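Peer 1: Sending over a structure as structure tokens; questions will come in a sec.
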Amino acid sequence: MKRTIDGFFKPNQKSAPPTEQSTEEPSKHETYPLSVAQFPASISDALGFAPATDGRLIDDRPDLDIVYYQPYIPKEIEKELFQFLRCELFFYRVQYNIKRGPVETQINTPRFTTVFGVDESSYFSPQGHLLDAVTKRPIPKDRYKCKPRPIPGCLDQLRKITERTTDQKFNFCLVNYYANGNDSISYHSDDERFLGSNPAIASFSLGARRDFLMKHKPPNSNQKGAIDSEKPLKLPLASGDMLVMRGPTQSNWLHSIPKRKGKDSDRGRINITFRRAMVRGGTENYYTYNVGSGGVFKWSKERQEMVAWTAGS
Ligand SMILES: O=C(O)CCC(=O)C(=O)O
Ligand SMILES: [Fe+2]
């Protein structure tokens with residue numbers, strides 16, 4: 001029987017089993033540099049009790065519609081879940097060039113990233129083959145320039161729980177790893193056309209606490225008021241928290257995780273977002289900016305940092 005009772009019972013902390021490897025086969029795919037283990041039973045079982053608290057609606061500013069779970073992940077597994085994902089996933093440090101007029105600038109993404117999933121026009125068969133959403137036949141070879149990757153079992157378990165909580169469908173999972181207070185994401189909105197209008201995005205935080213800043217986009221010249229000069233909204237995202245941004249939020253608000261100094265700034269943080277891309281352009285965009293063409297990074301338990309990984313290392 002599936003345990004889906006939303007935050008009704010609390011698992012008995014005293015009887016929590018010690019962390020053990022899952023007996024289930026790890027997720028493998030020709031596009032993965034490494035296989036990804038399934039959640040151990042300790043994580044899997046406790047996720048049956050998520051969300052750990054009721055979400056709080058934040059809609060008291062113009063065009064804002066957020067549900068904030070503090071936390072979503074049951075407290076007793078939040079650390080283990082962070083450590084598991086940091087160890088198991090493989091990451092990239094993406095570089096790309098942007099051209100402003102005649103000037104080309106190299107951008108070094110200031111955090112580690114990775115991505116899994118494919119847009120609505122295709123889906124993965126249980127054997128890991130990409131099929132067309134309509135014909136259910138293998139997709140034409142030239143549909144994608146990138147190589148879409150199926151969401152590994154562990155993240156897919158989290159995706160399904162998140163779909164139930166939010167009553168939304170997600171086909172993409174983006175992961176950021178902020179190694180320390182120097183890693184960041186600058187003000188942006190996730191309002192790409194390939195997400196459709198008023199997209200819902202579910203965003204998980206694990207590890208170090210980091211501030212999530214939000215500010216209203218500058219009003220059009222024909223609108224009154226200077227919303228931009230207002231103090232940003234600050235959400236102190238803690239390990240296990242989850243944020244759903246939905247409705248008009250992305251089209252009207254910018255968000256960022258600024259660099260930070262001082263307490264805890266040497267600790268790592270994982271951010272996981274679930275999104276739904278409607279068309280192929282979304283798949284190309286997400287793989288370009290979250291995988292890119294550079295090398296793989298993997299967490300080293302010995303060195304306690306992300307290290308460049310090569311096959312066989
Ligand atoms: O790390 C976060 O909480 C935010 C990440 C984000 O905004 C993004 O990946 O688009
Ligand atoms: Fe974002």
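Chain identifiers are assigned as A, B, and so on, following the order in which chains appear in the structure tokens; residues are numbered from 1 within each chain, and ligands are numbered from 1 in order of appearance.
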At a cut-off of 12 Å, can you tabulate as JSON lines every residue of segment 192-301 of chain A near segment 130-150 of chain A together with its closest atom pair and the distance in Å to one decimal, using only C-alpha atoms and ordering rows by chain then number?
Peer 2:
{"residue": "A:Met278", "atom": "CA", "partner": "A:Ala133", "partner_atom": "CA", "distance": 11.4}
{"residue": "A:Val279", "atom": "CA", "partner": "A:Arg143", "partner_atom": "CA", "distance": 11.1}
{"residue": "A:Arg280", "atom": "CA", "partner": "A:Tyr144", "partner_atom": "CA", "distance": 7.4}
{"residue": "A:Gly281", "atom": "CA", "partner": "A:Tyr144", "partner_atom": "CA", "distance": 9.0}
{"residue": "A:Gly282", "atom": "CA", "partner": "A:Tyr144", "partner_atom": "CA", "distance": 10.6}
{"residue": "A:Thr283", "atom": "CA", "partner": "A:Pro148", "partner_atom": "CA", "distance": 7.2}
{"residue": "A:Glu284", "atom": "CA", "partner": "A:Cys146", "partner_atom": "CA", "distance": 6.0}
{"residue": "A:Asn285", "atom": "CA", "partner": "A:Cys146", "partner_atom": "CA", "distance": 9.1}
{"residue": "A:Tyr286", "atom": "CA", "partner": "A:Cys146", "partner_atom": "CA", "distance": 9.4}
{"residue": "A:Tyr287", "atom": "CA", "partner": "A:Cys146", "partner_atom": "CA", "distance": 6.5}
{"residue": "A:Thr288", "atom": "CA", "partner": "A:Cys146", "partner_atom": "CA", "distance": 7.5}
{"residue": "A:Tyr289", "atom": "CA", "partner": "A:Cys146", "partner_atom": "CA", "distance": 11.1}
{"residue": "A:Asn290", "atom": "CA", "partner": "A:Cys146", "partner_atom": "CA", "distance": 11.4}
{"residue": "A:Val291", "atom": "CA", "partner": "A:Cys146", "partner_atom": "CA", "distance": 9.5}
{"residue": "A:Gly292", "atom": "CA", "partner": "A:Cys146", "partner_atom": "CA", "distance": 9.1}
{"residue": "A:Ser293", "atom": "CA", "partner": "A:Cys146", "partner_atom": "CA", "distance": 9.9}
Peer 1: Go ahead and write the selection's residues with N, CA and C atoms as a PDB file, in the first residue's frame.
Peer 2:
ATOM      1  N   MET A 278       6.658  22.568 -22.379  1.00  0.00           N
ATOM      2  CA  MET A 278       5.615  22.163 -23.319  1.00  0.00           C
ATOM      3  C   MET A 278       6.182  21.771 -24.692  1.00  0.00           C
ATOM      4  N   VAL A 279       7.271  22.404 -25.108  1.00  0.00           N
ATOM      5  CA  VAL A 279       7.782  22.201 -26.478  1.00  0.00           C
ATOM      6  C   VAL A 279       9.291  21.947 -26.494  1.00  0.00           C
ATOM      7  N   ARG A 280       9.763  21.446 -27.647  1.00  0.00           N
ATOM      8  CA  ARG A 280      11.170  21.038 -27.813  1.00  0.00           C
ATOM      9  C   ARG A 280      12.182  22.097 -27.408  1.00  0.00           C
ATOM     10  N   GLY A 281      11.862  23.356 -27.709  1.00  0.00           N
ATOM     11  CA  GLY A 281      12.787  24.451 -27.393  1.00  0.00           C
ATOM     12  C   GLY A 281      13.163  24.437 -25.914  1.00  0.00           C
ATOM     13  N   GLY A 282      12.254  24.008 -25.062  1.00  0.00           N
ATOM     14  CA  GLY A 282      12.523  23.939 -23.620  1.00  0.00           C
ATOM     15  C   GLY A 282      13.599  22.916 -23.316  1.00  0.00           C
ATOM     16  N   THR A 283      13.521  21.773 -24.002  1.00  0.00           N
ATOM     17  CA  THR A 283      14.514  20.712 -23.789  1.00  0.00           C
ATOM     18  C   THR A 283      15.889  21.203 -24.217  1.00  0.00           C
ATOM     19  N   GLU A 284      15.973  21.804 -25.413  1.00  0.00           N
ATOM     20  CA  GLU A 284      17.274  22.309 -25.900  1.00  0.00           C
ATOM     21  C   GLU A 284      17.834  23.347 -24.923  1.00  0.00           C
ATOM     22  N   ASN A 285      16.978  24.260 -24.500  1.00  0.00           N
ATOM     23  CA  ASN A 285      17.419  25.332 -23.598  1.00  0.00           C
ATOM     24  C   ASN A 285      17.949  24.757 -22.277  1.00  0.00           C
ATOM     25  N   TYR A 286      17.205  23.866 -21.670  1.00  0.00           N
ATOM     26  CA  TYR A 286      17.600  23.347 -20.351  1.00  0.00           C
ATOM     27  C   TYR A 286      18.907  22.566 -20.418  1.00  0.00           C
ATOM     28  N   TYR A 287      19.107  21.758 -21.482  1.00  0.00           N
ATOM     29  CA  TYR A 287      20.368  21.004 -21.571  1.00  0.00           C
ATOM     30  C   TYR A 287      21.542  21.922 -21.918  1.00  0.00           C
ATOM     31  N   THR A 288      21.274  22.937 -22.745  1.00  0.00           N
ATOM     32  CA  THR A 288      22.349  23.871 -23.079  1.00  0.00           C
ATOM     33  C   THR A 288      22.878  24.575 -21.836  1.00  0.00           C
ATOM     34  N   TYR A 289      21.969  25.059 -20.980  1.00  0.00           N
ATOM     35  CA  TYR A 289      22.390  25.902 -19.860  1.00  0.00           C
ATOM     36  C   TYR A 289      22.606  25.155 -18.545  1.00  0.00           C
ATOM     37  N   ASN A 290      22.284  23.870 -18.491  1.00  0.00           N
ATOM     38  CA  ASN A 290      22.473  23.129 -17.240  1.00  0.00           C
ATOM     39  C   ASN A 290      23.390  21.922 -17.363  1.00  0.00           C
ATOM     40  N   VAL A 291      23.702  21.487 -18.612  1.00  0.00           N
ATOM     41  CA  VAL A 291      24.673  20.417 -18.831  1.00  0.00           C
ATOM     42  C   VAL A 291      25.834  20.972 -19.657  1.00  0.00           C
ATOM     43  N   GLY A 292      25.506  21.608 -20.782  1.00  0.00           N
ATOM     44  CA  GLY A 292      26.537  22.224 -21.616  1.00  0.00           C
ATOM     45  C   GLY A 292      27.438  21.191 -22.247  1.00  0.00           C
ATOM     46  N   SER A 293      28.676  21.573 -22.533  1.00  0.00           N
ATOM     47  CA  SER A 293      29.583  20.667 -23.250  1.00  0.00           C
ATOM     48  C   SER A 293      30.855  20.392 -22.459  1.00  0.00           C
TER      49      SER A 293
END
Peer 1: Which residues, written as a VMD selection string, have at least one atom at most 10 Å from Ser265 of chain A, with only C-alpha atoms counted and residues fewer than 5 positions away on the same chain left out?
Peer 2: chain A and resid 178 to 183 208 to 210 259 to 260
Peer 1: Could you turn the residues from that selection into a file that holds C-alpha atoms, as a PDB file, in the first residue's frame?
Peer 2:
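This is the output file selection.pdb:
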ATOM      1  CA  TYR A 178      25.792  25.980  -4.444  1.00  0.00           C
ATOM      2  CA  ALA A 179      29.140  24.848  -3.019  1.00  0.00           C
ATOM      3  CA  ASN A 180      29.485  27.864  -0.736  1.00  0.00           C
ATOM      4  CA  GLY A 181      28.456  31.493  -0.257  1.00  0.00           C
ATOM      5  CA  ASN A 182      30.265  32.492  -3.456  1.00  0.00           C
ATOM      6  CA  ASP A 183      27.878  30.475  -5.602  1.00  0.00           C
ATOM      7  CA  ALA A 208      22.759  25.377   3.860  1.00  0.00           C
ATOM      8  CA  ARG A 209      20.152  28.068   4.523  1.00  0.00           C
ATOM      9  CA  ARG A 210      20.203  30.725   1.821  1.00  0.00           C
ATOM     10  CA  LYS A 259      26.215  35.523  -2.672  1.00  0.00           C
ATOM     11  CA  ARG A 260      26.664  35.588   1.037  1.00  0.00           C
TER      12      ARG A 260
END
Peer 1: Counting only C-alpha atoms and all ligand atoms, what are the residues, protein, DNA or RNA alike, that approach ligand 2 to within 8 Å? I want them as a list of chain:residue names.
Peer 2: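 Based on only C-alpha atoms and all ligand atoms, ligand 2 is surrounded within 8 Å by A:Ile185, A:His188, A:Ser189, A:Asp190, A:His255, A:Ser256.
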Peer 1: Could those selected residues go to a file with N, CA and C atoms, as an mmCIF file, in the first residue's frame?
Peer 2:
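Output below, filename result_16.cif:
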data_model
loop_
_atom_site.group_PDB
_atom_site.id
_atom_site.type_symbol
_atom_site.label_atom_id
_atom_site.label_comp_id
_atom_site.auth_asym_id
_atom_site.auth_seq_id
_atom_site.Cartn_x
_atom_site.Cartn_y
_atom_site.Cartn_z
ATOM 1 N N ILE A 185 22.706 32.716 -7.853
ATOM 2 C CA ILE A 185 21.960 32.868 -9.108
ATOM 3 C C ILE A 185 21.440 34.301 -9.112
ATOM 4 N N HIS A 188 16.396 36.814 -12.014
ATOM 5 C CA HIS A 188 15.822 36.349 -13.286
ATOM 6 C C HIS A 188 14.394 35.907 -13.010
ATOM 7 N N SER A 189 13.646 35.613 -14.061
ATOM 8 C CA SER A 189 12.367 34.925 -13.854
ATOM 9 C C SER A 189 12.336 33.730 -14.787
ATOM 10 N N ASP A 190 11.616 32.700 -14.365
ATOM 11 C CA ASP A 190 11.508 31.488 -15.175
ATOM 12 C C ASP A 190 10.202 31.587 -15.964
ATOM 13 N N HIS A 255 13.571 36.625 -9.205
ATOM 14 C CA HIS A 255 14.082 36.038 -7.964
ATOM 15 C C HIS A 255 15.577 35.771 -8.093
ATOM 16 N N SER A 256 16.245 35.669 -6.945
ATOM 17 C CA SER A 256 17.698 35.444 -6.934
ATOM 18 C C SER A 256 18.126 34.798 -5.620
#
Peer 1: Distance table requested - chain A against ligand 1, cut-off 9 Å, only C-alpha atoms and all ligand atoms: one row per qualifying residue with the closest atom pair and its distance in Å to one decimal, ordered by chain and rising residue number, as CSV.
Peer 2:
residue,atom,partner,partner_atom_place_in_ligand_line,distance
A:Thr113,CA,ligand 1,9 (O),8.6
A:Leu174,CA,ligand 1,9 (O),6.8
A:Val175,CA,ligand 1,9 (O),7.2
A:Asn176,CA,ligand 1,1 (O),6.2
A:Tyr177,CA,ligand 1,1 (O),7.9
A:Tyr178,CA,ligand 1,1 (O),7.8
A:Ser184,CA,ligand 1,1 (O),7.7
A:Ile185,CA,ligand 1,5 (C),6.6
A:Ser186,CA,ligand 1,7 (O),8.3
A:Tyr187,CA,ligand 1,7 (O),8.2
A:His188,CA,ligand 1,7 (O),7.3
A:Ser189,CA,ligand 1,10 (O),7.2
A:Asp190,CA,ligand 1,10 (O),6.1
A:Ser203,CA,ligand 1,3 (O),6.5
A:Phe204,CA,ligand 1,3 (O),7.1
A:Ser205,CA,ligand 1,3 (O),6.4
A:Arg210,CA,ligand 1,3 (O),7.9
A:Asp211,CA,ligand 1,3 (O),8.3
A:Phe212,CA,ligand 1,3 (O),6.3
A:Leu237,CA,ligand 1,3 (O),7.5
A:Leu243,CA,ligand 1,3 (O),8.6
A:Leu254,CA,ligand 1,7 (O),8.9
A:His255,CA,ligand 1,7 (O),6.3
A:Ser256,CA,ligand 1,7 (O),6.1
A:Ile257,CA,ligand 1,2 (C),6.1
A:Arg269,CA,ligand 1,1 (O),8.1
A:Ile270,CA,ligand 1,1 (O),7.2
A:Asn271,CA,ligand 1,1 (O),4.7
A:Ile272,CA,ligand 1,1 (O),7.4
A:Thr273,CA,ligand 1,9 (O),6.7
Peer 1: Residues of segment 127-168 of chain A that have any atom at most 12 Å from an atom of segment 70-77 of chain A: could you tabulate them with the shortest-distance atom pair and the distance in Å to one decimal, using only C-alpha atoms, ordered by chain and increasing number, as a Markdown table?
Peer 2:
| residue | atom | partner | partner_atom | distance |
| --- | --- | --- | --- | --- |
| A:Leu158 | CA | A:Ile73 | CA | 9.9 |
| A:Ile161 | CA | A:Tyr72 | CA | 10.6 |
| A:Thr162 | CA | A:Tyr72 | CA | 9.7 |
| A:Thr165 | CA | A:Tyr72 | CA | 10.0 |
| A:Thr166 | CA | A:Tyr72 | CA | 12.0 |
Peer 1: Please return as an MDAnalysis selection string: the residues of segment 8-72 of chain A that backbone DSSP assigns to strand (DSSP E or B).
Peer 2: chainID A and resid 27 36 56:58 66:69
Peer 1: Write out as a count of residues only all residues of segment 75-188 of chain A that DSSP puts in alpha helix (DSSP H) for this structure's backbone.
Peer 2: 28
